[in-house]
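Shown next, in structure tokens, is the structure this report addresses.
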Amino acid sequence: MADTFQAPRGTRDILAPESERWHRLVALFGETARRAGYRAVIPPMFEDLAVFQRVGESTEVVRKEMFLLAEREGEARQALRPEQTASVCRIFAQHRPATPWKVFYAGSNFRYERPQKGRYRQFDQVGAEVLGTDDPDVDVECIALAWRFYQRIGLTRVRLLLNSLGDGEGRAAYLESLRRYFDGHLDRLSAQSRETLATNPLRVLDSKRPEDAEIVAGAPTMVEHLSAEDGAHFARVRAGLDALGISYELAPRLVRGLDYYTRTTFEFASDALDAAQNAVGGGGRYDGLVADLGGPSVAGVGFALGVDRILLACDAEGVFGPPEGAVEVFVISTVDGTDALELCDALRSAGIGADRAFDGRSMKSQMKAADRSGARVAVIVGEDERRAGQVSLRPLRGGGEQSTVPRADVLAALRSLLGGDRADDPGR
Ligand code: AMP
């Protein structure tokens with residue numbers, strides 16, 4: 001017997017109808033972003049390793065979780081993307097589009113994590129980025145875009161956590177005071193945090209290890225160290241959110257998984273999910289990133305939302321169910337299948353979802369298949385109909401009498417039977 005295979009660890013096969021719910025979510029995000037003036041960008045699935053290393057040398061994602069692509073000879077020089085912001089910045093540096101450059105993306109990322117519910121090795125994100133302006137209103141626009149998207153799909157238990165990590169001198173002074181603080185408590189920090197401290201004291205704030213909790217809770221916060229300029233930027237962001245009626249919680253110890261953030265940082269947490277995997281999205285400003293990748297010195301801000309986790313949150317809140325199938329009509333042909341072949345083709349071309357059975361099944365078996373298909377009407381062509389140049393229309397749900405119409409009139413008759421409530425209505 002041949003070996004059987006399973007999906008690789010940390011990946012999932014997503015079948016209908018979940019797969020279609022997925023596509024609908026991604027399409028809705030694209031529509032929401034386009035409405036705000038963002039245009040789609042499609043980055044490659046892999047990049048030079050250095051692109052990711054440049055943006056996050058001290059992060060676990062880059063140090064330990066990258067999927068390296070083996071070279072035929074020698075060391076790996078490329079990696080599957082663990083996220084897409086770095087690629088978007090690399091694209092900007094390479095193509096130098098006009099600013100402000102407002103883009104959105106959707107697609108898979110890869111991180112070699114320990115898989116669990118809501119944490120996978122291949123996971124999808126939708127996201128948006130704006131390059132070329134440091135106007136705090138753009139920070140607000142990005143946050144609002146994500147926030148309204150959650151609202152649009154029906155999530156109500158998402159909280160916005162907000163922080164500013166400062167920039168320039170304020171940031172340097174803060175890092176210094178943070179380092180001094182942690183140095184003073186070295187003996188009470190976990191070994192991992194002591195290691196992290198050497199490369200980036202900010203990341204220690206992100207430690208979820210219980211032995212670090214007390215020290216982290218007492219650490220100085222960035223907001224106390226913001227420069228006048230960064231303080232004004234943050235104040236404007238907060239005022240903007242207030243003006244839009246978007247509530248937020250100040251989270252002075254919020255640092256995000258990747259190192260490149262400056263000034264505004266934010267995270268969206270779903271109270272419908274387990275605390276360990278409750279982040280359904282996050283983002284912030286990364287004003288130095290494009291320059292780090294060899295591009296011009298331009299400001300940037302953006303976010304990424306986890307598609308897998310958003311759908312888990314939708315399950316938990318009982319919203320955004322899977323779409324129905326698109327088959328509206330099932331063609332039953334008891335002669336030789338030719339009628340089904342032709343009618344399905346004609347209906348599909350006319351924009352009506354149509355399906356049929358194969359393998360010369362009996363009438364009874366075809367009727368069963370019609371029921372299973374979710375179609376609302378069966379078009380039946382038996383010997384009699386074929387001879388008379390007619391078809392029979394049988395409503396499958398919602399009652400109604402079977403009728404017979406000339407074959408030439410089938411489209412018009414179906415349109416009137418199916419009415420305006422069609423599966424391809426954008427509202428459905
Ligand atoms: P990040 O790129 O780490 O800022 O993550 C942004 C969002 O992507 C998170 O809030 C999660 O919703 C999602 N995410 C990150 N890593 C994973 C993963 N391994 N599996 C599933 N979702 C993830």
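Naming works like this for the structure tokens: A, B, ... for the chains as they're shown, residue 1 at the start of each chain, ligands 1 onward in shown order.
Here the DSSP assignment of strand (DSSP E or B), based on backbone atoms, applies within segment 306-340 of chain A to Gly306, Val329, Phe330, Val331, Ile332 and Ser333 of chain A.
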Quiz item: Once you count only C-alpha atoms and all ligand atoms, which residues end up within 9 Å of ligand 1, and could you hand them over as a PyMOL selection string?
Solution: chain A and resi 10+61+82-85+109-127+256-258+267-269+277-283+303-310
Could those selected residues go to a file with C-alpha atoms, as a PDB file, in the first residue's frame?
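Final output, out.pdb:
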```
ATOM      1  CA  GLY A  10       1.777  23.723  11.859  1.00  0.00           C
ATOM      2  CA  VAL A  61      10.874  35.680  14.660  1.00  0.00           C
ATOM      3  CA  PRO A  82       7.758  35.747   8.244  1.00  0.00           C
ATOM      4  CA  GLU A  83       5.744  38.947   7.658  1.00  0.00           C
ATOM      5  CA  GLN A  84       5.266  41.438   4.848  1.00  0.00           C
ATOM      6  CA  THR A  85       6.177  44.878   6.146  1.00  0.00           C
ATOM      7  CA  ASN A 109       3.658  34.108   6.158  1.00  0.00           C
ATOM      8  CA  PHE A 110       5.873  31.429   7.628  1.00  0.00           C
ATOM      9  CA  ARG A 111       7.296  31.151  11.117  1.00  0.00           C
ATOM     10  CA  TYR A 112       8.830  28.087  12.677  1.00  0.00           C
ATOM     11  CA  GLU A 113       6.750  28.272  15.848  1.00  0.00           C
ATOM     12  CA  ARG A 114       5.508  25.648  18.243  1.00  0.00           C
ATOM     13  CA  PRO A 115       2.058  25.040  16.743  1.00  0.00           C
ATOM     14  CA  GLN A 116      -1.092  25.365  18.839  1.00  0.00           C
ATOM     15  CA  LYS A 117      -4.591  26.675  18.328  1.00  0.00           C
ATOM     16  CA  GLY A 118      -4.289  30.112  16.734  1.00  0.00           C
ATOM     17  CA  ARG A 119      -0.538  29.731  16.207  1.00  0.00           C
ATOM     18  CA  TYR A 120       0.618  28.086  13.018  1.00  0.00           C
ATOM     19  CA  ARG A 121       3.756  27.767  10.954  1.00  0.00           C
ATOM     20  CA  GLN A 122       1.927  28.997   7.898  1.00  0.00           C
ATOM     21  CA  PHE A 123      -0.605  31.679   8.702  1.00  0.00           C
ATOM     22  CA  ASP A 124      -2.253  34.442   6.752  1.00  0.00           C
ATOM     23  CA  GLN A 125      -2.359  38.151   7.265  1.00  0.00           C
ATOM     24  CA  VAL A 126      -4.094  41.049   5.649  1.00  0.00           C
ATOM     25  CA  GLY A 127      -2.370  44.356   6.173  1.00  0.00           C
ATOM     26  CA  ARG A 256       5.557  44.393  19.553  1.00  0.00           C
ATOM     27  CA  GLY A 257       7.220  41.253  18.308  1.00  0.00           C
ATOM     28  CA  LEU A 258       9.311  43.005  15.690  1.00  0.00           C
ATOM     29  CA  GLU A 267      -2.351  45.894  19.087  1.00  0.00           C
ATOM     30  CA  PHE A 268      -5.885  44.544  18.788  1.00  0.00           C
ATOM     31  CA  ALA A 269      -6.862  41.930  21.369  1.00  0.00           C
ATOM     32  CA  GLN A 277      -3.433  33.852  21.463  1.00  0.00           C
ATOM     33  CA  ASN A 278      -5.751  36.822  21.724  1.00  0.00           C
ATOM     34  CA  ALA A 279      -3.863  39.221  19.429  1.00  0.00           C
ATOM     35  CA  VAL A 280      -5.901  39.533  16.250  1.00  0.00           C
ATOM     36  CA  GLY A 281      -3.720  42.241  14.770  1.00  0.00           C
ATOM     37  CA  GLY A 282      -1.163  44.901  15.427  1.00  0.00           C
ATOM     38  CA  GLY A 283       1.062  47.490  13.922  1.00  0.00           C
ATOM     39  CA  PHE A 303      -0.558  47.066  10.499  1.00  0.00           C
ATOM     40  CA  ALA A 304      -1.163  43.372   9.903  1.00  0.00           C
ATOM     41  CA  LEU A 305      -4.173  41.394  11.011  1.00  0.00           C
ATOM     42  CA  GLY A 306      -4.104  37.632  11.508  1.00  0.00           C
ATOM     43  CA  VAL A 307      -6.729  36.035   9.258  1.00  0.00           C
ATOM     44  CA  ASP A 308      -6.658  32.674  11.076  1.00  0.00           C
ATOM     45  CA  ARG A 309      -7.206  34.323  14.444  1.00  0.00           C
ATOM     46  CA  ILE A 310      -9.870  36.731  13.199  1.00  0.00           C
TER      47      ILE A 310
END
```
Quiz item: Counting only C-alpha atoms, which of A:Ala191, A:Arg397, A:Gln94, A:Ala106 gets nearest to Ile42 of chain A?
Solution: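 Among A:Ala191, A:Arg397, A:Gln94, A:Ala106, it is A:Ala106 that comes nearest to Ile42 of chain A.
Straight-line separation from atom CA of Ala369 of chain A to atom CA of Phe330 of chain A: 8.4 Å.
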Exercise. Could you please determine the separation between atom CA of Thr156 of chain A and atom CA of Ala33 of chain A in Å, to one decimal place?
Key: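 Separation between atom CA of Thr156 of chain A and atom CA of Ala33 of chain A: 19.9 Å.
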Quiz item: Closest to Leu165 of chain A among A:Val41, A:Ile380, A:Leu202, A:Ala146, using only C-alpha atoms?
Solution: A:Leu202
